[in-house]
Amino acid sequence: MEVTARAPGKIILAGEHAVVHGCAAVASSIDLYTSVSLRLRSALFNFIVFALSIEDEDTIKLLLNDIGLDFSWSIRRIKEVLSHLGSPFSLTPTPCSPETVTSLAALVEEQRFPESKIGLASGVYAFLWLYTSILGFKPATVVVSSELPLGAGLGSSAAYCVAVSAALLALSAPVELDKSQKGWFTLKAEAELVNKWAFEGEKIIHGRPSGVDNSVSTFGNVIKFKSGVMTRIDSNMPLRMLITNTKVGRDTKALVANVSARKSRHPGVMCSVLNAIEAISDEWCTIIQSNAVDDLCLSANEEKLGELMEMNQGLLFSIGVSHASIETILQTTMKYKLASKLTGAGGGGCVLTLLPTHVSGAVIDKLVEELESFGFQCFTAGIGGKGAQISFDHSS
């Protein structure tokens with residue numbers, strides 16, 4: 001049996017940094033996906049191996065196509081190290097203990113993980129923990145591919161954890177899905193379970209994630225979050241964004257700390273700035289939930305969103321989280337009369353540019369060409385689409 005799961009990335013539409021100080025922020029899924037294909041070794045294959053006395057050690061294989069890494073662990077070795085995880089599957093995940101993380105690290109270190117990519121090792125820990133916790137010690141091959149750049153603030157690790165969890169749960173005994181369905185189908189009642197497991201995977205990777213990224217990736221559409229409370233927003237606007245990756249790494253913790261330090265030095269002013277950012281988040285939600293009765297109304301709403309993005313960016317600049325690369329993108333898109341803002345922590349990362357319905361493909365192509373001439377990476381993405389999806393391979 002083979003199943004493929006895919007999960008979308010995410011962007012912050014409004015409210016970054018203000019959310020750390022108790023204000024609202026708005027996040028959305030994007031139609032750029034991480035896909036995970038899982039093929040369990042069939043009972044027939046196992047019977048043939050046994051009948052013919054073929055020496056074939058059972059393994060769990062993980063192929064990370066986009067970064068050129070592949071791993072293979074014998075079931076025997078995994079049982080030795082993670083014997084406590086092979087117990088019957090529980091619908092409610094138990095958080096991974098520090099002792100288990102140490103055991104996972106030992107399994108990964110045995111694979112001679114490349115030093116240049118050691119920052120990705122925690123993602124492999126998360127895979128091993130999710131796999132053995134959900135499917136136990138069944139031999140299989142798992143292939144991961146992604147349209148999302150790593151470490152750019154687009155929720156790549158959350159999409160990975162959601163897609164891995166969805167694929168594993170789809171073939172677990174307690175989860176009953178209609179495997180005769182053809183094509184992609186969106187998870188319904190199972191989505192909550194996927195989200196819980198993905199969140200535990202995110203905790204292995206990040207320590208103390210907010211849960212926003214995996215929730216957006218699991219459920220799709222738009223989520224408003226404030227002080228730990230998440231509210232799903234049903235967007236009625238078909239939006240497209242140009243996402244430009246500066247390829248500049250950023251230190252999120254340092255950026256957040258600098259904003260907090262600025263707030264301590266200028267409490268009154270900073271409170272006004274953060275409240276203004278929250279007002280922008282609230283207005284975003286109001287606009288995208290409204291029904292545009294005609295193209296004229298849609299264009300008016302797009303113009304309002306563009307103005308909100310420009311104001312949001314100005315406020316983010318004022319609290320010190322912009323960057324020279326971000327300003328280059330802003331100046332470039334301004335020449336095309338398009339609104340842009342940073343998304344996420346700032347200090348590099350990605351920039352969003354709203355693409356109104358009236359903008360032609362030729363104009364977008366010209367803009368992308370100019371941005372890429374600076375060495376940036378560009379993606380065009382739909383906003384607020386579907387969350388995690390499953391597809392079964394009926395040719396197996």
# chains A, B, ... in the order shown; residues from 1 in each chain; ligands from 1

call {"tool": "residues_around", "arguments": {"residues": "Asn236 (chain A)", "least_positions_apart": "6", "cutoff": "8 Å", "atoms": "only C-alpha atoms", "output": "JSON list (two decimals) with all heavy atoms, in the first residue's frame"}}
result
[["chain", "number", "residue", "atom", "x", "y", "z"],
["A", 288, "ILE", "N", -11.24, 40.35, 4.09],
["A", 288, "ILE", "CA", -11.21, 39.08, 3.36],
["A", 288, "ILE", "C", -12.47, 38.23, 3.62],
["A", 288, "ILE", "O", -12.77, 37.31, 2.86],
["A", 288, "ILE", "CB", -9.95, 38.25, 3.68],
["A", 288, "ILE", "CG1", -9.90, 37.85, 5.15],
["A", 288, "ILE", "CG2", -8.70, 39.01, 3.25],
["A", 288, "ILE", "CD1", -8.72, 36.97, 5.51],
["A", 289, "GLN", "N", -13.21, 38.55, 4.69],
["A", 289, "GLN", "CA", -14.46, 37.83, 4.94],
["A", 289, "GLN", "C", -15.66, 38.47, 4.26],
["A", 289, "GLN", "O", -16.74, 37.88, 4.22],
["A", 289, "GLN", "CB", -14.72, 37.77, 6.45],
["A", 289, "GLN", "CG", -13.79, 36.84, 7.20],
["A", 289, "GLN", "CD", -14.10, 36.80, 8.68],
["A", 289, "GLN", "OE1", -14.79, 35.91, 9.17],
["A", 289, "GLN", "NE2", -13.59, 37.77, 9.42],
["A", 290, "SER", "N", -15.49, 39.68, 3.72],
["A", 290, "SER", "CA", -16.60, 40.37, 3.07],
["A", 290, "SER", "C", -16.85, 39.77, 1.69],
["A", 290, "SER", "O", -15.94, 39.21, 1.06],
["A", 290, "SER", "CB", -16.31, 41.86, 2.94],
["A", 290, "SER", "OG", -15.17, 42.08, 2.10],
["A", 291, "ASN", "N", -18.06, 39.87, 1.21],
["A", 291, "ASN", "CA", -18.42, 39.35, -0.10],
["A", 291, "ASN", "C", -18.37, 40.47, -1.14],
["A", 291, "ASN", "O", -19.13, 41.45, -1.05],
["A", 291, "ASN", "CB", -19.83, 38.75, -0.07],
["A", 291, "ASN", "CG", -19.87, 37.44, 0.68],
["A", 291, "ASN", "OD1", -19.15, 36.51, 0.37],
["A", 291, "ASN", "ND2", -20.73, 37.36, 1.70]]

call {"tool": "residues_around", "arguments": {"residues": "Phe137 (chain A)", "least_positions_apart": "6", "cutoff": "9 Å", "atoms": "only C-alpha atoms", "output": "ChimeraX atom specification"}}
result
/A:59-60,75-76,78-79,86,131

call {"tool": "residues_around", "arguments": {"residues": "Lys335 (chain A)", "least_positions_apart": "2", "cutoff": "12 Å", "atoms": "only C-alpha atoms", "output": "PyMOL selection string"}}
result
chain A and resi 328-333+337-340+363+366-367+370-371

call {"tool": "write_last_selection", "arguments": {"atoms": "C-alpha atoms", "output": "compact mmCIF listing (two decimals), in the first residue's frame"}}
result
# COMPACT_ATOMS: atom_id res chain seq x y z
CA THR A 328 15.52 46.63 -2.20
CA ILE A 329 12.46 44.46 -2.88
CA LEU A 330 10.11 47.20 -1.66
CA GLN A 331 11.71 49.80 -3.94
CA THR A 332 11.55 47.40 -6.89
CA THR A 333 7.87 46.50 -6.46
CA LYS A 337 2.85 50.26 -8.15
CA LEU A 338 2.49 47.05 -6.16
CA ALA A 339 2.23 46.88 -2.36
CA SER A 340 4.70 44.77 -0.37
CA VAL A 363 4.06 42.63 -15.74
CA LYS A 366 9.06 41.47 -15.76
CA LEU A 367 8.99 42.10 -12.01
CA GLU A 370 14.15 42.18 -12.08
CA LEU A 371 13.98 40.74 -8.58

call {"tool": "residues_around", "arguments": {"residues": "Leu64 (chain A)", "least_positions_apart": "5", "cutoff": "8 Å", "atoms": "only C-alpha atoms", "output": "compact mmCIF listing (two decimals) with N, CA and C atoms, in the first residue's frame"}}
result
# COMPACT_ATOMS: atom_id res chain seq x y z
N LEU A 69 19.68 13.93 0.72
CA LEU A 69 20.02 13.07 1.85
C LEU A 69 19.12 11.84 1.85
N ASP A 70 19.69 10.69 2.20
CA ASP A 70 18.88 9.50 2.39
C ASP A 70 19.44 8.69 3.54
N VAL A 143 9.46 8.95 1.11
CA VAL A 143 10.11 9.92 0.22
C VAL A 143 9.51 11.29 0.47
N VAL A 144 10.36 12.28 0.73
CA VAL A 144 9.91 13.65 1.01
C VAL A 144 10.40 14.58 -0.08
N SER A 145 9.50 15.41 -0.59
CA SER A 145 9.88 16.46 -1.54
C SER A 145 9.09 17.71 -1.19

call {"tool": "closest_residue", "arguments": {"among": "A:Leu169, A:Leu274, A:Leu150, A:Leu187", "to": "Leu135 (chain A)", "atoms": "only C-alpha atoms"}}
result
A:Leu169

call {"tool": "residues_around", "arguments": {"residues": "Lys203 (chain A)", "least_positions_apart": "4", "cutoff": "12 Å", "atoms": "only C-alpha atoms", "output": "list of chain:residue names"}}
result
A:Thr94, A:Pro95, A:Cys96, A:Ser97, A:Pro98, A:Val101, A:Ser122, A:Gly123, A:Tyr125, A:Ala126, A:Trp129, A:Leu130, A:Ser157, A:Ala158, A:Cys161, A:Lys196, A:Trp197, A:Ala198, A:Phe199, A:Gly207, A:Arg208, A:Pro209, A:Ser210, A:Gly211, A:Asp213, A:Asn214

call {"tool": "residues_around", "arguments": {"residues": "region 374-377 of chain A", "least_positions_apart": "6", "cutoff": "7 Å", "atoms": "only C-alpha atoms", "output": "PyMOL selection string"}}
result
chain A and resi 244-247

call {"tool": "write_last_selection", "arguments": {"atoms": "all heavy atoms", "output": "compact mmCIF listing (two decimals), in the first residue's frame"}}
result
# COMPACT_ATOMS: atom_id res chain seq x y z
N THR A 244 8.90 36.69 -2.30
CA THR A 244 10.31 36.84 -2.68
C THR A 244 11.20 36.48 -1.50
O THR A 244 11.11 37.10 -0.43
CB THR A 244 10.60 38.29 -3.13
OG1 THR A 244 9.71 38.64 -4.19
CG2 THR A 244 12.04 38.41 -3.63
N ASN A 245 12.03 35.48 -1.70
CA ASN A 245 12.96 35.01 -0.68
C ASN A 245 14.27 35.77 -0.83
O ASN A 245 14.96 35.65 -1.83
CB ASN A 245 13.18 33.51 -0.85
CG ASN A 245 14.10 32.93 0.21
OD1 ASN A 245 14.44 33.58 1.18
ND2 ASN A 245 14.52 31.68 0.00
N THR A 246 14.61 36.57 0.20
CA THR A 246 15.86 37.33 0.14
C THR A 246 17.09 36.42 0.20
O THR A 246 18.18 36.84 -0.18
CB THR A 246 15.95 38.32 1.31
OG1 THR A 246 16.01 37.59 2.54
CG2 THR A 246 14.75 39.26 1.33
N LYS A 247 16.89 35.21 0.71
CA LYS A 247 17.99 34.26 0.97
C LYS A 247 18.93 34.76 2.06
O LYS A 247 20.05 34.26 2.21
CB LYS A 247 18.77 33.94 -0.30
CG LYS A 247 17.96 33.29 -1.40
CD LYS A 247 18.83 32.96 -2.60
CE LYS A 247 18.04 32.36 -3.74
NZ LYS A 247 18.88 32.08 -4.91

call {"tool": "closest_residue", "arguments": {"among": "A:Ser322, A:Thr286, A:Thr141, A:Gln389", "to": "Arg39 (chain A)", "atoms": "only C-alpha atoms"}}
result
A:Thr141

call {"tool": "decode", "arguments": {"residues": "region 51-106 of chain A", "atoms": "C-alpha atoms", "output": "short mmCIF file (atom, residue, chain, number, x, y, z; two decimals), in the first residue's frame"}}
result
data_model
loop_
_atom_site.label_atom_id
_atom_site.label_comp_id
_atom_site.auth_asym_id
_atom_site.auth_seq_id
_atom_site.Cartn_x
_atom_site.Cartn_y
_atom_site.Cartn_z
CA ALA A 51 9.51 -18.81 1.46
CA LEU A 52 12.68 -18.42 -0.60
CA SER A 53 14.90 -17.90 2.44
CA ILE A 54 16.20 -14.65 0.95
CA GLU A 55 18.46 -12.62 3.22
CA ASP A 56 16.74 -9.25 3.23
CA GLU A 57 16.90 -7.20 6.41
CA ASP A 58 13.79 -5.16 7.17
CA THR A 59 14.50 -1.43 7.07
CA ILE A 60 12.89 1.97 7.35
CA LYS A 61 14.22 4.23 4.60
CA LEU A 62 13.90 8.02 4.50
CA LEU A 63 14.72 9.83 1.25
CA LEU A 64 14.94 13.65 1.41
CA ASN A 65 15.08 14.33 -2.30
CA ASP A 66 15.42 18.12 -2.31
CA ILE A 67 18.46 18.23 -0.05
CA GLY A 68 20.13 15.08 -1.36
CA LEU A 69 20.02 13.07 1.85
CA ASP A 70 18.88 9.50 2.39
CA PHE A 71 18.87 7.29 5.45
CA SER A 72 18.26 3.63 6.16
CA TRP A 73 17.80 2.03 9.57
CA SER A 74 17.39 -1.67 10.19
CA ILE A 75 14.25 -2.56 12.13
CA ARG A 76 16.46 -4.58 14.45
CA ARG A 77 18.54 -1.49 15.36
CA ILE A 78 15.48 0.74 15.82
CA LYS A 79 13.93 -1.84 18.16
CA GLU A 80 17.13 -1.89 20.21
CA VAL A 81 17.15 1.89 20.66
CA LEU A 82 13.43 2.78 20.63
CA SER A 83 11.81 -0.34 22.05
CA HIS A 84 9.56 1.79 24.30
CA LEU A 85 7.93 3.41 21.24
CA GLY A 86 6.69 0.24 19.60
CA SER A 87 3.72 -0.17 21.91
CA PRO A 88 0.14 -0.11 20.56
CA PHE A 89 -0.72 3.17 18.85
CA SER A 90 -2.53 5.78 20.95
CA LEU A 91 -4.79 8.38 19.39
CA THR A 92 -3.46 10.96 21.86
CA PRO A 93 0.27 11.54 21.41
CA THR A 94 2.54 11.52 24.44
CA PRO A 95 5.22 14.24 24.13
CA CYS A 96 8.69 13.06 23.21
CA SER A 97 10.88 12.93 26.34
CA PRO A 98 14.44 14.37 26.49
CA GLU A 99 15.72 10.81 26.95
CA THR A 100 14.01 9.73 23.74
CA VAL A 101 15.49 12.70 21.88
CA THR A 102 18.93 11.50 22.99
CA SER A 103 18.15 8.02 21.61
CA LEU A 104 16.89 9.51 18.34
CA ALA A 105 20.07 11.57 18.04
CA ALA A 106 22.14 8.41 18.44
#
